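Heads up: the structure comes next, in structure tokens.
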Amino acid sequence: MHDWITTPVTADLLRGALDVERTEHGVLPHRLPARARAQNTDEQLAMAESQPAGVRLVFRTRATALELDALPTKRTYVGAPPRPDGVYDLVVDGRPAGQGSVLGGNVITVDMAEGTSEVRPGPHGTVRFDGLSGEVKDVEIWLPHNETTELIALRTDAPVESAPPADRRVWLHHGSSISHGSDAASPRNTWPAVAATLGGVELINLGLAGSALLDPFTARAVRDTPADLISIKIGINIVNHDVMRLRAFGPAVHGFLDTIREGHPDTPLLVVSPILCPIHEDTPGPSFPDVGELGEGRLRFRTLGDPAERASGKLTLQVIREELARIVKQRTPEDPNLHYLDGRELYGESDSAELPLPDDLHPDAATHRRMGERFAGVTFGADGVFGSD
């Protein structure tokens with residue numbers, strides 16, 4: 001038996017969130033601020049930014065056991081096997097110390113064939129960790145990167161206090177579902193989290209599944225968030241949503257970078273082009289999910305584009321890489337802290353042959369780790385653009 005102490009979950013215990021909303025159940029971490037959310041009308045982005053990729057509870061305690069009550073919102077797909085529950089990663093004094101999940105919760109059932117969804121309310125649940133040492137320690141609970149998570153109550157068998165500010169640089173990264181976490185094994189195993197751990201930095205992950213679309217409100221969120229290092233991974237969502245042509249893409253990238261520079265004029269800023277994605281290397285979007293094999297647990301993405309449409313300005317990943325490299329080269333004489341990384345350095349032709357994208361769009365767990373290790377080696381190494389001063 002434990003004599004539980006309940007500690008309210010407040011913003012000072014959370015890292016990686018840009019806003020914390022109070023709900024009828026507790027608090028809901030957000031990865032976009034309220035002003036940005038008010039300008040958004042897209043359900044996909046609303047879901048993505050409320051999924052707490054990179055968000056973690058951080059505190060100091062002597063507790064040997066802890067419980068966290070949470071109300072998750074899970075997704076399931078008509079005709080597909082159930083998805084696994086989201087994972088909570090426990091870290092004690094910087095070292096992995098356990099994993100758990102919260103059962104129950106709200107369920108969104110998505111019919112990909114019809115383009116509809118239905119929400120079924122459910123009960124909150126509890127994730128518990130015990131057997132910890134009774135010494136003073138810094139504890140992190142990384143929240144599931146792929147489940148919207150309302151935090152209700154934190155219970156421990158010893159008092160909790162805020163951990164001191166981390167004496168590490170803050171790295172803010174924005175990208176697509178690949179940066180969000182797609183099919184990573186757990187929140188600390190998304191490629192940005194792997195890279196942050198290896199690079200010894202504090203992560204703010206603004207990877208937004210399906211939503212890295214050069215939205216001005218996202219640029220303003222990056223602009224207004226304190227950070228020592230910034231990276232922006234641009235391209236795959238632009239192509240697979242088929243949202244703009246080459247004529248609009250270049251000015252949109254310039255505008256996005258201009259906005260960031262309003263708040264971070266001298267911060268190292270890395271523009272990352274798309275990783276290899278064979279279906280879109282030379283073929284424009286849009287792409288769509290092929291649900292024909294969902295019953296066997298397989299989902300593939302197909303493209304509706306035609307390579308001939310490049311002549312009319314439709315975008316492919318090859319075109320986007322060329323344009324991003326050109327834009328960065330054009331800007332660097334006046335912005336020496338702006339840099340470019342070809343995404344194929346993280347995942348390229350040889351990687352695709354060894355570890356093909358399972359659904360033709362998203363990397364699997366092993367590829368996330370490889371990409372994180374590659375990014376850390378290229379950028380946080382002694383000669384990297386994010387290398388220590």
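To be explicit about the labels: the chains of the structure tokens are called A, B, and onward in the order shown, and within each one the residues are counted from 1, while ligands get numbers from 1 in the order they are shown.
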Closest atom pairs, residues of stretch 181-231 of chain A within 12 Å of stretch 326-338 of chain A, only C-alpha atoms, as CSV:
```
residue,atom,partner,partner_atom,distance
A:Asp228,CA,A:Asn337,CA,11.8
A:Leu229,CA,A:Asn337,CA,10.2
A:Ile230,CA,A:Leu338,CA,9.8
A:Ser231,CA,A:Leu338,CA,9.7
```
Output N, CA, C and O atoms for every residue in the selection just made, as an mmCIF file, in the first residue's frame.
```
data_model
loop_
_atom_site.group_PDB
_atom_site.id
_atom_site.type_symbol
_atom_site.label_atom_id
_atom_site.label_comp_id
_atom_site.auth_asym_id
_atom_site.auth_seq_id
_atom_site.Cartn_x
_atom_site.Cartn_y
_atom_site.Cartn_z
ATOM 1 N N ASP A 228 17.176 27.582 -29.258
ATOM 2 C CA ASP A 228 18.577 27.826 -29.592
ATOM 3 C C ASP A 228 18.940 27.283 -30.968
ATOM 4 O O ASP A 228 19.927 27.722 -31.575
ATOM 5 N N LEU A 229 18.155 26.307 -31.436
ATOM 6 C CA LEU A 229 18.396 25.646 -32.714
ATOM 7 C C LEU A 229 17.038 25.375 -33.355
ATOM 8 O O LEU A 229 16.092 24.994 -32.660
ATOM 9 N N ILE A 230 16.927 25.556 -34.659
ATOM 10 C CA ILE A 230 15.650 25.346 -35.343
ATOM 11 C C ILE A 230 15.909 24.570 -36.626
ATOM 12 O O ILE A 230 16.855 24.857 -37.361
ATOM 13 N N SER A 231 15.054 23.592 -36.902
ATOM 14 C CA SER A 231 15.084 22.915 -38.194
ATOM 15 C C SER A 231 13.662 22.820 -38.741
ATOM 16 O O SER A 231 12.707 22.654 -37.991
#
```
**Report entry** Backbone-only DSSP, helix (DSSP H, G or I) members of stretch 128-253 of chain A, as number ranges by chain
**Finding:** A: 177-180, 187-189, 191-199, 216-223, 236-240, 246-253
Proximity check stretch 49-113 of chain A to stretch 203-210 of chain A, 9 Å, nearest pairs one decimal Å, only C-alpha atoms, as a tab-separated table:
```
residue	atom	partner	partner_atom	distance
A:Glu49	CA	A:Leu208	CA	6.1
A:Gln51	CA	A:Leu208	CA	8.9
A:Pro52	CA	A:Asn205	CA	8.7
A:Ala53	CA	A:Asn205	CA	6.3
A:Gly54	CA	A:Asn205	CA	5.4
A:Val55	CA	A:Ile204	CA	7.6
```
Export of the given selection (N, CA, C and O atoms) as an mmCIF file, in the first residue's frame:
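Printed below is result_13.cif as written:
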```cif
data_model
loop_
_atom_site.group_PDB
_atom_site.id
_atom_site.type_symbol
_atom_site.label_atom_id
_atom_site.label_comp_id
_atom_site.auth_asym_id
_atom_site.auth_seq_id
_atom_site.Cartn_x
_atom_site.Cartn_y
_atom_site.Cartn_z
ATOM 1 N N GLU A 49 -1.887 18.373 -33.809
ATOM 2 C CA GLU A 49 -1.227 19.241 -32.836
ATOM 3 C C GLU A 49 -1.611 18.894 -31.402
ATOM 4 O O GLU A 49 -0.873 19.209 -30.472
ATOM 5 N N GLN A 51 -1.882 15.781 -30.378
ATOM 6 C CA GLN A 51 -1.156 14.567 -30.019
ATOM 7 C C GLN A 51 0.225 14.978 -29.523
ATOM 8 O O GLN A 51 0.976 15.635 -30.246
ATOM 9 N N PRO A 52 0.595 14.610 -28.294
ATOM 10 C CA PRO A 52 1.735 15.246 -27.626
ATOM 11 C C PRO A 52 3.104 14.663 -27.985
ATOM 12 O O PRO A 52 3.878 14.246 -27.106
ATOM 13 N N ALA A 53 3.437 14.627 -29.266
ATOM 14 C CA ALA A 53 4.762 14.157 -29.671
ATOM 15 C C ALA A 53 5.837 15.039 -29.039
ATOM 16 O O ALA A 53 5.817 16.260 -29.198
ATOM 17 N N GLY A 54 6.743 14.425 -28.325
ATOM 18 C CA GLY A 54 7.818 15.163 -27.678
ATOM 19 C C GLY A 54 7.450 15.828 -26.371
ATOM 20 O O GLY A 54 8.316 16.405 -25.702
ATOM 21 N N VAL A 55 6.195 15.757 -25.958
ATOM 22 C CA VAL A 55 5.757 16.385 -24.705
ATOM 23 C C VAL A 55 5.980 15.408 -23.559
ATOM 24 O O VAL A 55 5.655 14.224 -23.666
#
```
Query raised in the report: Can you list, as a ChimeraX atom specification, every protein, DNA or RNA residue that comes within 8 Å of stretch 371-374 of chain A when you count only C-alpha atoms, leaving out same-chain residues fewer than 3 positions away?
Result: /A:190-195,198,345-347,367-368,377-378
Report task. Could you tell me which of A:Lys314, A:Arg302, A:His2, A:His174 comes closest to A:Phe249 if we count only C-alpha atoms? Result ->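 Counting only C-alpha atoms, the residue closest to A:Phe249 is A:Lys314.
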Query raised in the report: Using only C-alpha atoms, which of the listed residues (A:Val272, A:Leu361, A:Leu18, A:Ala38) sits closest to A:Thr379?
Result: A:Val272
Query raised in the report: Quick one, how far is atom CA of A:Gln39 from atom CA of A:Gly255?
Result: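 According to the coordinates, atom CA of A:Gln39 and atom CA of A:Gly255 are separated by 17.6 Å.
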Query raised in the report: Hey, can you check how far atom CA of A:Pro284 sits from atom CA of A:Ser312?
Result: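 Pair atom CA of A:Pro284 / atom CA of A:Ser312 returns 10.9 Å.
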Query raised in the report: Any idea what's packed within 12 Å of A:Ala11, counting only C-alpha atoms, ignoring anything in its chain fewer than 3 positions away? Could you give it as a list in words?
Result: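 Contacts, with the query itself left out: Pro8, Leu14, Arg15, Gly16, Ala17, Leu18, Asp19, Val20, Glu21, Arg22, Gly26, Val27, Leu28, Pro29, His30, Val55, Arg56, Leu57, Val58, Phe59, Leu151 and Ser162 of chain A.
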Just C-alpha atoms for this one: save the residues we selected as an mmCIF file, in the first residue's frame.
```
data_model
loop_
_atom_site.group_PDB
_atom_site.id
_atom_site.type_symbol
_atom_site.label_atom_id
_atom_site.label_comp_id
_atom_site.auth_asym_id
_atom_site.auth_seq_id
_atom_site.Cartn_x
_atom_site.Cartn_y
_atom_site.Cartn_z
ATOM 1 C CA PRO A 8 -1.944 18.946 -9.945
ATOM 2 C CA LEU A 14 5.344 19.993 -18.808
ATOM 3 C CA ARG A 15 8.048 20.395 -21.428
ATOM 4 C CA GLY A 16 7.615 20.335 -25.176
ATOM 5 C CA ALA A 17 4.112 21.866 -25.177
ATOM 6 C CA LEU A 18 3.434 25.378 -26.477
ATOM 7 C CA ASP A 19 0.098 25.705 -24.673
ATOM 8 C CA VAL A 20 -1.856 23.926 -21.945
ATOM 9 C CA GLU A 21 -5.642 23.983 -22.099
ATOM 10 C CA ARG A 22 -7.764 23.353 -19.024
ATOM 11 C CA GLY A 26 -7.806 18.039 -16.369
ATOM 12 C CA VAL A 27 -5.349 19.620 -18.775
ATOM 13 C CA LEU A 28 -4.670 19.053 -22.462
ATOM 14 C CA PRO A 29 -1.179 19.826 -23.812
ATOM 15 C CA HIS A 30 -1.104 21.494 -27.224
ATOM 16 C CA VAL A 55 5.757 16.385 -24.705
ATOM 17 C CA ARG A 56 6.785 15.043 -21.318
ATOM 18 C CA LEU A 57 6.027 15.496 -17.641
ATOM 19 C CA VAL A 58 9.251 16.395 -15.840
ATOM 20 C CA PHE A 59 9.686 16.558 -12.065
ATOM 21 C CA LEU A 151 -3.884 14.583 -18.089
ATOM 22 C CA SER A 162 9.523 21.050 -10.422
#
```
Requested in this report: Between A:Val136, A:Ala113, A:Leu71, A:Leu276, single out the one closest to A:Ala163, counting only C-alpha atoms.
Outcome: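 The shortest atom-to-atom distance to A:Ala163 comes from A:Val136.
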Report task. Rank nothing, just name the residue among A:Arg188, A:Arg60, A:Arg95, A:His124 nearest to A:Ala365, using only C-alpha atoms. Result ->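 Once distances to A:Ala365 are computed over only C-alpha atoms, the minimum belongs to A:Arg188.
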Report task. Record the distance separating atom CA of A:Asp383 and atom CA of A:Gly175, expressed in Å with one decimal. Result ->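 If I compute the distance from atom CA of A:Asp383 to atom CA of A:Gly175, I get 23.7 Å.
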Query raised in the report: Which residue gives the smallest distance to A:Ala353 among A:Phe288, A:Lys74, A:Cys277, A:Gly115, with only C-alpha atoms counted?
Result: A:Cys277
**Report entry** Shell of 12 Å around A:Phe301, only C-alpha atoms, local chain residues under 3 positions omitted, as a list in words
**Finding:**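 The filter keeps Asn240, Cys277, Pro278, Ile279, His280, Gly285, Pro286, Ser287, Phe288, Pro289, Asp290, Val291, Gly292, Glu293, Leu294, Arg298, Leu304, Leu357, Pro358, Asp359, Asp360, Leu361 and His362 of chain A.
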Written file, previous selection with C-alpha atoms, as a compact mmCIF listing (two decimals), in the first residue's frame:
```
# COMPACT_ATOMS: atom_id res chain seq x y z
CA ASN A 240 1.04 14.42 -51.29
CA CYS A 277 9.94 8.48 -51.11
CA PRO A 278 9.91 6.55 -54.41
CA ILE A 279 6.24 7.13 -55.22
CA HIS A 280 6.77 10.90 -55.26
CA GLY A 285 0.51 14.19 -55.92
CA PRO A 286 -2.02 13.95 -54.65
CA SER A 287 -1.62 10.61 -52.97
CA PHE A 288 -4.36 8.58 -51.34
CA PRO A 289 -4.60 5.60 -48.97
CA ASP A 290 -5.31 2.30 -50.70
CA VAL A 291 -7.57 0.47 -48.25
CA GLY A 292 -7.73 -2.77 -50.20
CA GLU A 293 -5.45 -4.62 -47.77
CA LEU A 294 -6.62 -3.04 -44.52
CA ARG A 298 -1.65 -3.39 -44.43
CA LEU A 304 -2.86 10.05 -58.58
CA LEU A 357 8.78 2.27 -46.41
CA PRO A 358 6.08 -0.24 -45.33
CA ASP A 359 3.19 1.83 -46.65
CA ASP A 360 5.27 3.58 -49.34
CA LEU A 361 5.17 6.83 -47.36
CA HIS A 362 6.15 6.42 -43.68
```
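The list of residues with at least one atom within 10 Å of A:Leu257, based on only C-alpha atoms and without residues fewer than 5 positions apart in the same chain, reads Leu214, Ala219, Val222, Arg223, Ile232, Pro251, Ala252, Glu262, His264, Leu269, Val271, Val328, Arg331 and Leu338 of chain A.
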Report summary line: If you count only C-alpha atoms, the residue of A:Leu154, A:Pro72, A:Asp342, A:Asn146 closest to A:Pro121 turns out to be A:Pro72
Query raised in the report: as a list in words, which residues of stretch 142-181 of chain A does DSSP assign to strand (DSSP E or B)?
Result: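 Those in stretch 142-181 of chain A that DSSP calls strand (DSSP E or B) are Trp142, Thr148, Thr149, Glu150, Leu151, Ile152, Ala153, Leu154, Arg155, Thr156, Val160, Glu161, Ser162, Val170, Trp171, Leu172, His173, His174 and Gly175 of chain A.
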Report task. Please identify all polymer residues within 10 Å of A:Asp167, counting only C-alpha atoms, omitting same-chain residues fewer than 3 positions from it, and present them as a ChimeraX atom specification. Result -> /A:164,170,200-202
